[in-house]
file work04.cif (mmCIF, N, CA and C atoms)
data_target
loop_
_atom_site.label_atom_id
_atom_site.label_comp_id
_atom_site.auth_asym_id
_atom_site.auth_seq_id
_atom_site.Cartn_x
_atom_site.Cartn_y
_atom_site.Cartn_z
N MET B 1 0.81 -1.18 0.00
CA MET B 1 0.00 0.00 0.00
C MET B 1 0.87 1.26 0.00
N ASN B 2 1.97 1.22 0.77
CA ASN B 2 2.86 2.36 0.83
C ASN B 2 3.51 2.63 -0.52
N ILE B 3 3.83 1.58 -1.28
CA ILE B 3 4.41 1.73 -2.62
C ILE B 3 3.42 2.43 -3.53
N PHE B 4 2.13 2.10 -3.43
CA PHE B 4 1.11 2.73 -4.25
C PHE B 4 1.07 4.23 -3.99
N TYR B 5 1.06 4.64 -2.73
CA TYR B 5 1.01 6.06 -2.41
C TYR B 5 2.26 6.79 -2.89
N THR B 6 3.41 6.15 -2.78
CA THR B 6 4.65 6.75 -3.25
C THR B 6 4.61 6.93 -4.76
N ALA B 7 4.15 5.92 -5.49
CA ALA B 7 4.04 6.01 -6.95
C ALA B 7 3.02 7.07 -7.34
N ALA B 8 1.90 7.13 -6.66
CA ALA B 8 0.88 8.13 -6.97
C ALA B 8 1.40 9.53 -6.71
N ALA B 9 2.15 9.72 -5.64
CA ALA B 9 2.72 11.04 -5.34
C ALA B 9 3.74 11.44 -6.40
N ALA B 10 4.55 10.49 -6.83
CA ALA B 10 5.56 10.77 -7.86
C ALA B 10 4.89 11.15 -9.18
N MET B 11 3.83 10.45 -9.55
CA MET B 11 3.12 10.77 -10.79
C MET B 11 2.46 12.15 -10.71
N THR B 12 1.92 12.48 -9.58
CA THR B 12 1.30 13.79 -9.39
C THR B 12 2.35 14.89 -9.51
N LEU B 13 3.52 14.68 -8.90
CA LEU B 13 4.60 15.65 -8.98
C LEU B 13 5.06 15.84 -10.42
N MET B 14 5.24 14.76 -11.15
CA MET B 14 5.67 14.85 -12.54
C MET B 14 4.65 15.58 -13.39
N ALA B 15 3.37 15.35 -13.15
CA ALA B 15 2.32 16.05 -13.89
C ALA B 15 2.37 17.54 -13.60
N ALA B 16 2.67 17.90 -12.37
CA ALA B 16 2.75 19.32 -12.01
C ALA B 16 3.98 19.98 -12.63
N LEU B 17 5.07 19.25 -12.75
CA LEU B 17 6.30 19.81 -13.28
C LEU B 17 6.30 19.87 -14.80
N SER B 18 5.52 19.06 -15.47
CA SER B 18 5.47 19.03 -16.91
C SER B 18 4.03 19.24 -17.34
N SER B 19 3.75 20.45 -17.80
CA SER B 19 2.38 20.73 -18.19
C SER B 19 2.37 21.42 -19.54
N SER B 20 1.41 21.09 -20.34
CA SER B 20 1.28 21.71 -21.63
C SER B 20 0.55 23.03 -21.47
N THR B 21 1.13 24.08 -22.00
CA THR B 21 0.54 25.40 -21.87
C THR B 21 -0.50 25.64 -22.94
N GLY B 22 -0.27 25.18 -24.14
CA GLY B 22 -1.27 25.39 -25.17
C GLY B 22 -0.69 25.34 -26.55
N ALA B 23 -1.59 25.47 -27.50
CA ALA B 23 -1.21 25.44 -28.90
C ALA B 23 -2.05 26.46 -29.65
N ALA B 24 -1.52 26.93 -30.74
CA ALA B 24 -2.23 27.84 -31.63
C ALA B 24 -1.72 27.60 -33.04
N GLU B 25 -2.53 27.94 -34.01
CA GLU B 25 -2.10 27.73 -35.38
C GLU B 25 -2.75 28.72 -36.32
N ASN B 26 -2.14 28.87 -37.48
CA ASN B 26 -2.71 29.62 -38.58
C ASN B 26 -2.42 28.82 -39.85
N GLY B 27 -2.56 29.41 -41.00
CA GLY B 27 -2.34 28.68 -42.25
C GLY B 27 -0.88 28.42 -42.56
N ILE B 28 0.03 28.99 -41.78
CA ILE B 28 1.46 28.88 -42.06
C ILE B 28 2.14 27.91 -41.10
N ILE B 29 1.89 28.06 -39.79
CA ILE B 29 2.52 27.20 -38.79
C ILE B 29 1.55 26.86 -37.68
N LYS B 30 1.89 25.81 -36.96
CA LYS B 30 1.21 25.45 -35.72
C LYS B 30 2.28 25.51 -34.63
N VAL B 31 1.96 26.17 -33.51
CA VAL B 31 2.92 26.32 -32.42
C VAL B 31 2.34 25.68 -31.18
N ASN B 32 3.13 24.83 -30.54
CA ASN B 32 2.73 24.18 -29.30
C ASN B 32 3.76 24.54 -28.23
N ILE B 33 3.27 24.97 -27.07
CA ILE B 33 4.13 25.36 -25.96
C ILE B 33 3.98 24.33 -24.85
N GLN B 34 5.10 23.85 -24.35
CA GLN B 34 5.08 22.92 -23.23
C GLN B 34 6.07 23.39 -22.18
N LYS B 35 5.57 23.55 -20.94
CA LYS B 35 6.44 23.93 -19.83
C LYS B 35 6.84 22.67 -19.09
N ASN B 36 8.09 22.64 -18.65
CA ASN B 36 8.56 21.55 -17.81
C ASN B 36 9.60 22.07 -16.84
N ILE B 37 10.15 21.22 -16.04
CA ILE B 37 11.10 21.64 -15.01
C ILE B 37 12.36 22.27 -15.60
N GLN B 38 12.70 21.92 -16.83
CA GLN B 38 13.91 22.45 -17.45
C GLN B 38 13.67 23.75 -18.20
N GLY B 39 12.43 24.15 -18.39
CA GLY B 39 12.16 25.38 -19.11
C GLY B 39 10.92 25.27 -19.97
N ILE B 40 11.02 25.79 -21.18
CA ILE B 40 9.89 25.89 -22.09
C ILE B 40 10.28 25.30 -23.43
N ASN B 41 9.46 24.39 -23.94
CA ASN B 41 9.67 23.82 -25.26
C ASN B 41 8.71 24.49 -26.22
N VAL B 42 9.24 24.99 -27.34
CA VAL B 42 8.42 25.59 -28.38
C VAL B 42 8.52 24.66 -29.59
N SER B 43 7.40 24.01 -29.90
CA SER B 43 7.35 23.10 -31.05
C SER B 43 6.61 23.78 -32.18
N VAL B 44 7.21 23.75 -33.36
CA VAL B 44 6.62 24.37 -34.54
C VAL B 44 6.42 23.30 -35.60
N THR B 45 5.23 23.28 -36.19
CA THR B 45 4.92 22.38 -37.29
C THR B 45 4.54 23.25 -38.49
N ALA B 46 5.12 22.98 -39.65
CA ALA B 46 4.83 23.75 -40.86
C ALA B 46 3.48 23.32 -41.42
N ARG B 47 2.65 24.31 -41.74
CA ARG B 47 1.36 24.06 -42.39
C ARG B 47 1.38 24.57 -43.83
N ALA B 48 2.43 25.32 -44.18
CA ALA B 48 2.62 25.81 -45.54
C ALA B 48 3.59 24.88 -46.27
N ASP B 49 3.60 24.96 -47.59
CA ASP B 49 4.51 24.11 -48.37
C ASP B 49 5.96 24.35 -47.96
N THR B 50 6.35 25.62 -47.80
CA THR B 50 7.69 25.98 -47.37
C THR B 50 7.59 27.23 -46.50
N VAL B 51 8.27 27.21 -45.38
CA VAL B 51 8.31 28.37 -44.49
C VAL B 51 9.69 28.44 -43.85
N LEU B 52 10.25 29.65 -43.81
CA LEU B 52 11.55 29.88 -43.17
C LEU B 52 11.30 30.41 -41.77
N ILE B 53 11.77 29.68 -40.76
CA ILE B 53 11.70 30.15 -39.37
C ILE B 53 12.96 30.97 -39.15
N LYS B 54 12.79 32.30 -39.09
CA LYS B 54 13.92 33.21 -38.95
C LYS B 54 14.44 33.28 -37.52
N ASN B 55 13.51 33.28 -36.56
CA ASN B 55 13.90 33.41 -35.16
C ASN B 55 12.70 33.04 -34.28
N ILE B 56 13.00 32.65 -33.06
CA ILE B 56 11.97 32.41 -32.04
C ILE B 56 12.49 33.03 -30.76
N ASP B 57 11.62 33.75 -30.06
CA ASP B 57 12.01 34.21 -28.73
C ASP B 57 10.89 33.94 -27.74
N VAL B 58 11.27 33.77 -26.50
CA VAL B 58 10.32 33.52 -25.42
C VAL B 58 10.45 34.66 -24.42
N ASN B 59 9.32 35.21 -24.03
CA ASN B 59 9.27 36.36 -23.11
C ASN B 59 10.15 37.49 -23.61
N ARG B 60 10.05 37.74 -24.93
CA ARG B 60 10.77 38.83 -25.60
C ARG B 60 12.27 38.78 -25.36
N GLY B 61 12.80 37.56 -25.40
CA GLY B 61 14.24 37.35 -25.28
C GLY B 61 14.75 37.17 -23.87
N LYS B 62 13.88 37.22 -22.89
CA LYS B 62 14.33 37.08 -21.50
C LYS B 62 14.59 35.63 -21.12
N CYS B 63 14.08 34.68 -21.88
CA CYS B 63 14.38 33.26 -21.68
C CYS B 63 15.30 32.84 -22.82
N PRO B 64 16.56 32.57 -22.54
CA PRO B 64 17.51 32.26 -23.61
C PRO B 64 17.27 30.88 -24.22
N LEU B 65 17.72 30.76 -25.46
CA LEU B 65 17.70 29.48 -26.16
C LEU B 65 18.70 28.55 -25.50
N LEU B 66 18.30 27.31 -25.28
CA LEU B 66 19.18 26.31 -24.66
C LEU B 66 19.66 25.31 -25.70
N THR B 67 20.85 24.78 -25.49
CA THR B 67 21.36 23.70 -26.32
C THR B 67 21.88 22.60 -25.41
N LYS B 68 21.97 21.40 -25.94
CA LYS B 68 22.55 20.30 -25.17
C LYS B 68 24.01 20.58 -24.96
N GLY B 69 24.47 20.37 -23.75
CA GLY B 69 25.86 20.62 -23.47
C GLY B 69 26.26 20.08 -22.11
N THR B 70 27.48 20.39 -21.73
CA THR B 70 27.99 19.96 -20.44
C THR B 70 28.49 21.18 -19.67
N LEU B 71 28.46 21.07 -18.37
CA LEU B 71 29.01 22.11 -17.51
C LEU B 71 29.60 21.45 -16.28
N THR B 72 30.47 22.17 -15.63
CA THR B 72 31.10 21.66 -14.42
C THR B 72 30.51 22.39 -13.23
N TYR B 73 30.01 21.62 -12.26
CA TYR B 73 29.41 22.18 -11.06
C TYR B 73 29.97 21.44 -9.86
N GLN B 74 30.61 22.18 -8.97
CA GLN B 74 31.24 21.62 -7.78
C GLN B 74 32.16 20.45 -8.12
N GLY B 75 32.93 20.64 -9.19
CA GLY B 75 33.91 19.64 -9.60
C GLY B 75 33.34 18.46 -10.36
N LYS B 76 32.03 18.44 -10.59
CA LYS B 76 31.41 17.33 -11.33
C LYS B 76 30.97 17.83 -12.69
N ARG B 77 31.18 16.99 -13.68
CA ARG B 77 30.78 17.30 -15.06
C ARG B 77 29.34 16.81 -15.25
N LEU B 78 28.44 17.75 -15.60
CA LEU B 78 27.03 17.42 -15.77
C LEU B 78 26.60 17.69 -17.21
N GLU B 79 25.73 16.83 -17.72
CA GLU B 79 25.17 17.03 -19.06
C GLU B 79 23.74 17.49 -18.92
N GLY B 80 23.34 18.39 -19.81
CA GLY B 80 21.97 18.88 -19.78
C GLY B 80 21.80 20.04 -20.73
N TRP B 81 20.81 20.89 -20.46
CA TRP B 81 20.51 22.05 -21.30
C TRP B 81 21.25 23.26 -20.76
N VAL B 82 22.03 23.92 -21.62
CA VAL B 82 22.80 25.08 -21.22
C VAL B 82 22.48 26.25 -22.16
N ALA B 83 22.59 27.47 -21.63
CA ALA B 83 22.24 28.66 -22.40
C ALA B 83 23.46 29.36 -22.99
N GLN B 84 24.62 29.09 -22.48
CA GLN B 84 25.79 29.84 -22.91
C GLN B 84 26.17 29.51 -24.35
N GLY B 85 26.23 30.57 -25.16
CA GLY B 85 26.67 30.41 -26.55
C GLY B 85 25.61 29.94 -27.52
N ALA B 86 24.38 29.76 -27.09
CA ALA B 86 23.33 29.28 -27.99
C ALA B 86 22.81 30.42 -28.86
N THR B 87 22.81 30.22 -30.16
CA THR B 87 22.24 31.20 -31.08
C THR B 87 21.23 30.50 -31.97
N PHE B 88 20.21 31.23 -32.39
CA PHE B 88 19.17 30.64 -33.23
C PHE B 88 19.67 30.54 -34.66
N THR B 89 19.50 29.38 -35.25
CA THR B 89 19.86 29.16 -36.65
C THR B 89 18.58 29.14 -37.47
N PRO B 90 18.44 30.07 -38.44
CA PRO B 90 17.24 30.04 -39.30
C PRO B 90 17.09 28.67 -39.96
N THR B 91 15.84 28.22 -40.04
CA THR B 91 15.56 26.87 -40.51
C THR B 91 14.41 26.88 -41.50
N THR B 92 14.59 26.24 -42.64
CA THR B 92 13.51 26.09 -43.61
C THR B 92 12.76 24.81 -43.30
N MET B 93 11.43 24.93 -43.21
CA MET B 93 10.58 23.78 -42.95
C MET B 93 9.62 23.60 -44.11
N HIS B 94 9.22 22.35 -44.34
CA HIS B 94 8.26 22.02 -45.39
C HIS B 94 7.00 21.45 -44.73
N PHE B 95 5.92 21.41 -45.48
CA PHE B 95 4.64 20.97 -44.94
C PHE B 95 4.78 19.72 -44.07
N ALA B 96 4.23 19.77 -42.87
CA ALA B 96 4.19 18.69 -41.88
C ALA B 96 5.52 18.45 -41.17
N ASP B 97 6.58 19.21 -41.50
CA ASP B 97 7.82 19.12 -40.72
C ASP B 97 7.57 19.69 -39.34
N GLY B 98 8.16 19.08 -38.34
CA GLY B 98 8.03 19.57 -36.97
C GLY B 98 9.38 19.61 -36.27
N LEU B 99 9.64 20.71 -35.55
CA LEU B 99 10.88 20.87 -34.79
C LEU B 99 10.56 21.47 -33.43
N THR B 100 11.42 21.20 -32.45
CA THR B 100 11.24 21.74 -31.11
C THR B 100 12.52 22.46 -30.68
N TRP B 101 12.33 23.65 -30.12
CA TRP B 101 13.42 24.43 -29.55
C TRP B 101 13.19 24.54 -28.05
N HIS B 102 14.26 24.59 -27.28
CA HIS B 102 14.20 24.62 -25.81
C HIS B 102 14.68 25.98 -25.31
N PHE B 103 13.92 26.58 -24.40
CA PHE B 103 14.24 27.88 -23.83
C PHE B 103 14.16 27.80 -22.32
N GLY B 104 14.92 28.67 -21.64
CA GLY B 104 14.83 28.74 -20.19
C GLY B 104 16.15 29.04 -19.56
N HIS B 105 16.14 29.16 -18.25
CA HIS B 105 17.36 29.32 -17.47
C HIS B 105 17.59 28.02 -16.73
N THR B 106 18.80 27.53 -16.77
CA THR B 106 19.11 26.37 -15.95
C THR B 106 19.39 26.85 -14.54
N TYR B 107 19.26 25.98 -13.60
CA TYR B 107 19.45 26.34 -12.20
C TYR B 107 20.87 26.79 -11.89
N LEU B 108 21.84 26.32 -12.66
CA LEU B 108 23.23 26.56 -12.33
C LEU B 108 23.83 27.75 -13.05
N GLN B 109 23.07 28.42 -13.91
CA GLN B 109 23.63 29.50 -14.70
C GLN B 109 23.14 30.85 -14.21
N PRO B 110 23.96 31.88 -14.38
CA PRO B 110 23.53 33.22 -13.98
C PRO B 110 22.45 33.74 -14.93
N PRO B 111 21.63 34.66 -14.50
CA PRO B 111 21.56 35.13 -13.13
C PRO B 111 20.92 34.09 -12.23
N PRO B 112 21.48 33.87 -11.04
CA PRO B 112 20.96 32.81 -10.17
C PRO B 112 19.54 33.11 -9.71
N GLY B 113 18.77 32.07 -9.61
CA GLY B 113 17.40 32.20 -9.12
C GLY B 113 16.39 32.62 -10.17
N VAL B 114 16.82 32.87 -11.41
CA VAL B 114 15.89 33.29 -12.46
C VAL B 114 15.24 32.05 -13.05
N VAL B 115 13.93 32.08 -13.12
CA VAL B 115 13.18 30.99 -13.72
C VAL B 115 12.33 31.58 -14.84
N CYS B 116 12.30 30.93 -15.97
CA CYS B 116 11.48 31.41 -17.08
C CYS B 116 10.05 30.93 -16.89
N ASP B 117 9.20 31.86 -16.54
CA ASP B 117 7.78 31.57 -16.40
C ASP B 117 7.12 32.04 -17.70
N PHE B 118 6.60 31.12 -18.49
CA PHE B 118 6.11 31.43 -19.83
C PHE B 118 4.98 32.46 -19.82
N LEU B 119 5.16 33.52 -20.59
CA LEU B 119 4.12 34.49 -20.85
C LEU B 119 3.82 34.61 -22.34
N GLU B 120 4.90 34.53 -23.17
CA GLU B 120 4.72 34.77 -24.59
C GLU B 120 5.86 34.14 -25.39
N ALA B 121 5.52 33.63 -26.56
CA ALA B 121 6.53 33.17 -27.52
C ALA B 121 6.21 33.81 -28.87
N ARG B 122 7.26 34.26 -29.53
CA ARG B 122 7.10 34.86 -30.86
C ARG B 122 7.90 34.05 -31.86
N VAL B 123 7.27 33.70 -32.97
CA VAL B 123 7.92 32.98 -34.05
C VAL B 123 7.97 33.91 -35.25
N PHE B 124 9.16 34.21 -35.71
CA PHE B 124 9.37 35.12 -36.84
C PHE B 124 9.62 34.27 -38.08
N THR B 125 8.79 34.43 -39.10
CA THR B 125 8.93 33.65 -40.33
C THR B 125 9.05 34.59 -41.53
N ASP B 126 9.36 34.02 -42.68
CA ASP B 126 9.40 34.80 -43.91
C ASP B 126 8.00 35.17 -44.40
N LYS B 127 6.98 34.61 -43.78
CA LYS B 127 5.59 34.87 -44.16
C LYS B 127 4.84 35.67 -43.09
N GLY B 128 5.59 36.25 -42.14
CA GLY B 128 4.98 37.05 -41.09
C GLY B 128 5.38 36.54 -39.70
N ASN B 129 4.96 37.26 -38.69
CA ASN B 129 5.28 36.92 -37.31
C ASN B 129 4.06 36.33 -36.64
N PHE B 130 4.29 35.44 -35.69
CA PHE B 130 3.22 34.73 -35.02
C PHE B 130 3.51 34.76 -33.52
N THR B 131 2.52 35.16 -32.72
CA THR B 131 2.69 35.26 -31.27
C THR B 131 1.68 34.38 -30.56
N ILE B 132 2.15 33.63 -29.58
CA ILE B 132 1.25 32.85 -28.73
C ILE B 132 1.53 33.28 -27.29
N SER B 133 0.47 33.54 -26.54
CA SER B 133 0.66 33.96 -25.15
C SER B 133 -0.30 33.20 -24.26
N GLU B 134 0.02 33.22 -22.99
CA GLU B 134 -0.78 32.50 -22.03
C GLU B 134 -1.96 33.35 -21.61
#
call {"tool": "encode", "arguments": {"input": "work04.cif", "output": "structure tokens"}}
result
Amino acid sequence: MNIFYTAAAAMTLMAALSSSTGAAENGIIKVNIQKNIQGINVSVTARADTVLIKNIDVNRGKCPLLTKGTLTYQGKRLEGWVAQGATFTPTTMHFADGLTWHFGHTYLQPPPGVVCDFLEARVFTDKGNFTISE
């Protein structure tokens, strides 16, 4: 019985830490936002034959783009999502192509204590700009 309660508590915690914020779409792209403990995932699916994603920003650039990388913390080498040196690379997408970009502050990077609480994401394309907000 105790194992059941522990498993139920763990599942409840995971659901709270990983929640889908929402999705929106137009004739060019579909954007899905998902918040999790590591930050914010912005998934874009092309609805047009060809669309160039020029840039994406979250909270008007206050949540940096993250990339997979390693960092050293208290003498230990850790792998995960890091913000240092990440730049957005424009990407051409074709109908039904889907990609996900990761944004946020990691716990170990400056400024300390900053958490990206999703308010808005903007997707800049060659066919116009698209904004999704909470």
call {"tool": "resolve_selection", "arguments": {"input": "work04.cif", "expression": "the PyMOL selection byres (((chain B and resi 121 and name CA) around 6) and name CA)", "output": "ChimeraX atom specification"}}
result
/B:57-58,120,122,131-132
call {"tool": "closest_residue", "arguments": {"input": "work04.cif", "among": "B:Leu71, B:Ala96, B:Leu66, B:Val123", "to": "Ala48 (chain B)", "atoms": "all atoms listed in the file"}}
result
B:Ala96
call {"tool": "resolve_selection", "arguments": {"input": "work04.cif", "expression": "the PyMOL selection byres (((chain B and resi 117 and name CA) around 10) and name CA)", "output": "compact mmCIF listing (two decimals) with N, CA and C atoms, keeping the file's coordinate frame"}}
result
# COMPACT_ATOMS: atom_id res chain seq x y z
N LYS B 35 5.57 23.55 -20.94
CA LYS B 35 6.44 23.93 -19.83
C LYS B 35 6.84 22.67 -19.09
N GLY B 39 12.43 24.15 -18.39
CA GLY B 39 12.16 25.38 -19.11
C GLY B 39 10.92 25.27 -19.97
N ILE B 40 11.02 25.79 -21.18
CA ILE B 40 9.89 25.89 -22.09
C ILE B 40 10.28 25.30 -23.43
N VAL B 58 11.27 33.77 -26.50
CA VAL B 58 10.32 33.52 -25.42
C VAL B 58 10.45 34.66 -24.42
N ASN B 59 9.32 35.21 -24.03
CA ASN B 59 9.27 36.36 -23.11
C ASN B 59 10.15 37.49 -23.61
N LYS B 62 13.88 37.22 -22.89
CA LYS B 62 14.33 37.08 -21.50
C LYS B 62 14.59 35.63 -21.12
N CYS B 63 14.08 34.68 -21.88
CA CYS B 63 14.38 33.26 -21.68
C CYS B 63 15.30 32.84 -22.82
N GLY B 104 14.92 28.67 -21.64
CA GLY B 104 14.83 28.74 -20.19
C GLY B 104 16.15 29.04 -19.56
N HIS B 105 16.14 29.16 -18.25
CA HIS B 105 17.36 29.32 -17.47
C HIS B 105 17.59 28.02 -16.73
N VAL B 114 16.82 32.87 -11.41
CA VAL B 114 15.89 33.29 -12.46
C VAL B 114 15.24 32.05 -13.05
N VAL B 115 13.93 32.08 -13.12
CA VAL B 115 13.18 30.99 -13.72
C VAL B 115 12.33 31.58 -14.84
N CYS B 116 12.30 30.93 -15.97
CA CYS B 116 11.48 31.41 -17.08
C CYS B 116 10.05 30.93 -16.89
N PHE B 118 6.60 31.12 -18.49
CA PHE B 118 6.11 31.43 -19.83
C PHE B 118 4.98 32.46 -19.82
N LEU B 119 5.16 33.52 -20.59
CA LEU B 119 4.12 34.49 -20.85
C LEU B 119 3.82 34.61 -22.34
N GLU B 120 4.90 34.53 -23.17
CA GLU B 120 4.72 34.77 -24.59
C GLU B 120 5.86 34.14 -25.39
call {"tool": "residues_around", "arguments": {"input": "work04.cif", "residues": "Asn55 (chain B)", "least_positions_apart": "5", "cutoff": "9 Å", "atoms": "only C-alpha atoms", "output": "list in words"}}
result
Phe88, Thr89, Pro90, Thr91, Arg122, Val123, Phe124 and Thr125 of chain B
call {"tool": "atom_distance", "arguments": {"input": "work04.cif", "atom1": "CA of Asn129 (chain B)", "atom2": "CA of Gln38 (chain B)"}}
result
26.0 Å
call {"tool": "residues_around", "arguments": {"input": "work04.cif", "residues": "Trp101 (chain B)", "least_positions_apart": "5", "cutoff": "8 Å", "atoms": "all atoms listed in the file", "output": "PyMOL selection string"}}
result
chain B and resi 40-44+65-66
call {"tool": "closest_residue", "arguments": {"input": "work04.cif", "among": "B:Arg60, B:Ala46, B:Thr87, B:Leu52", "to": "Ser133 (chain B)", "atoms": "only C-alpha atoms"}}
result
B:Arg60
call {"tool": "atom_distance", "arguments": {"input": "work04.cif", "atom1": "atom C of Ile53 (chain B)", "atom2": "CA of Glu25 (chain B)"}}
result
15.9 Å
call {"tool": "atom_distance", "arguments": {"input": "work04.cif", "atom1": "CA of Ile28 (chain B)", "atom2": "CA of Thr67 (chain B)"}}
result
25.9 Å
call {"tool": "residues_around", "arguments": {"input": "work04.cif", "residues": "Asp49 (chain B)", "least_positions_apart": "6", "cutoff": "6.5 Å", "atoms": "all atoms listed in the file", "output": "count of residues only"}}
result
3
call {"tool": "decode", "arguments": {"input": "work04.cif", "residues": "region 55-63 of chain B", "atoms": "all heavy atoms", "output": "mmCIF file, in the first residue's frame"}}
result
data_model
loop_
_atom_site.group_PDB
_atom_site.id
_atom_site.type_symbol
_atom_site.label_atom_id
_atom_site.label_comp_id
_atom_site.auth_asym_id
_atom_site.auth_seq_id
_atom_site.Cartn_x
_atom_site.Cartn_y
_atom_site.Cartn_z
ATOM 1 N N ASN B 55 13.506 33.284 -36.560
ATOM 2 C CA ASN B 55 13.900 33.412 -35.162
ATOM 3 C C ASN B 55 12.705 33.041 -34.285
ATOM 4 O O ASN B 55 11.559 33.120 -34.726
ATOM 5 C CB ASN B 55 14.354 34.832 -34.844
ATOM 6 C CG ASN B 55 15.062 34.938 -33.506
ATOM 7 O OD1 ASN B 55 15.516 33.940 -32.944
ATOM 8 N ND2 ASN B 55 15.162 36.143 -32.982
ATOM 9 N N ILE B 56 12.997 32.653 -33.055
ATOM 10 C CA ILE B 56 11.974 32.411 -32.042
ATOM 11 C C ILE B 56 12.493 33.035 -30.761
ATOM 12 O O ILE B 56 13.672 32.890 -30.429
ATOM 13 C CB ILE B 56 11.719 30.904 -31.818
ATOM 14 C CG1 ILE B 56 11.204 30.246 -33.097
ATOM 15 C CG2 ILE B 56 10.736 30.689 -30.672
ATOM 16 C CD1 ILE B 56 11.063 28.738 -33.000
ATOM 17 N N ASP B 57 11.621 33.752 -30.059
ATOM 18 C CA ASP B 57 12.009 34.213 -28.734
ATOM 19 C C ASP B 57 10.888 33.944 -27.742
ATOM 20 O O ASP B 57 9.729 33.837 -28.116
ATOM 21 C CB ASP B 57 12.476 35.667 -28.722
ATOM 22 C CG ASP B 57 11.371 36.690 -28.936
ATOM 23 O OD1 ASP B 57 10.184 36.387 -28.731
ATOM 24 O OD2 ASP B 57 11.695 37.830 -29.297
ATOM 25 N N VAL B 58 11.271 33.772 -26.499
ATOM 26 C CA VAL B 58 10.325 33.522 -25.417
ATOM 27 C C VAL B 58 10.452 34.663 -24.419
ATOM 28 O O VAL B 58 11.570 35.023 -24.038
ATOM 29 C CB VAL B 58 10.573 32.158 -24.740
ATOM 30 C CG1 VAL B 58 9.697 31.979 -23.517
ATOM 31 C CG2 VAL B 58 10.333 31.035 -25.742
ATOM 32 N N ASN B 59 9.319 35.209 -24.031
ATOM 33 C CA ASN B 59 9.267 36.355 -23.110
ATOM 34 C C ASN B 59 10.148 37.493 -23.613
ATOM 35 O O ASN B 59 10.911 38.091 -22.862
ATOM 36 C CB ASN B 59 9.638 35.954 -21.691
ATOM 37 C CG ASN B 59 8.610 35.044 -21.069
ATOM 38 O OD1 ASN B 59 7.516 34.854 -21.598
ATOM 39 N ND2 ASN B 59 8.947 34.466 -19.943
ATOM 40 N N ARG B 60 10.053 37.737 -24.930
ATOM 41 C CA ARG B 60 10.771 38.831 -25.597
ATOM 42 C C ARG B 60 12.270 38.781 -25.359
ATOM 43 O O ARG B 60 12.932 39.783 -25.120
ATOM 44 C CB ARG B 60 10.177 40.169 -25.203
ATOM 45 C CG ARG B 60 8.726 40.246 -25.614
ATOM 46 C CD ARG B 60 8.090 41.545 -25.325
ATOM 47 N NE ARG B 60 6.676 41.438 -25.706
ATOM 48 C CZ ARG B 60 5.775 42.346 -25.422
ATOM 49 N NH1 ARG B 60 6.122 43.432 -24.776
ATOM 50 N NH2 ARG B 60 4.526 42.168 -25.785
ATOM 51 N N GLY B 61 12.797 37.556 -25.402
ATOM 52 C CA GLY B 61 14.237 37.347 -25.284
ATOM 53 C C GLY B 61 14.754 37.166 -23.874
ATOM 54 O O GLY B 61 15.942 36.949 -23.677
ATOM 55 N N LYS B 62 13.881 37.222 -22.887
ATOM 56 C CA LYS B 62 14.332 37.075 -21.499
ATOM 57 C C LYS B 62 14.593 35.626 -21.116
ATOM 58 O O LYS B 62 15.243 35.366 -20.111
ATOM 59 C CB LYS B 62 13.328 37.719 -20.553
ATOM 60 C CG LYS B 62 13.311 39.220 -20.725
ATOM 61 C CD LYS B 62 12.404 39.900 -19.762
ATOM 62 C CE LYS B 62 12.552 41.396 -19.968
ATOM 63 N NZ LYS B 62 11.365 42.134 -19.722
ATOM 64 N N CYS B 63 14.077 34.684 -21.882
ATOM 65 C CA CYS B 63 14.379 33.261 -21.682
ATOM 66 C C CYS B 63 15.305 32.835 -22.819
ATOM 67 O O CYS B 63 14.880 32.757 -23.968
ATOM 68 C CB CYS B 63 13.111 32.416 -21.701
ATOM 69 S SG CYS B 63 12.012 32.716 -20.326
#
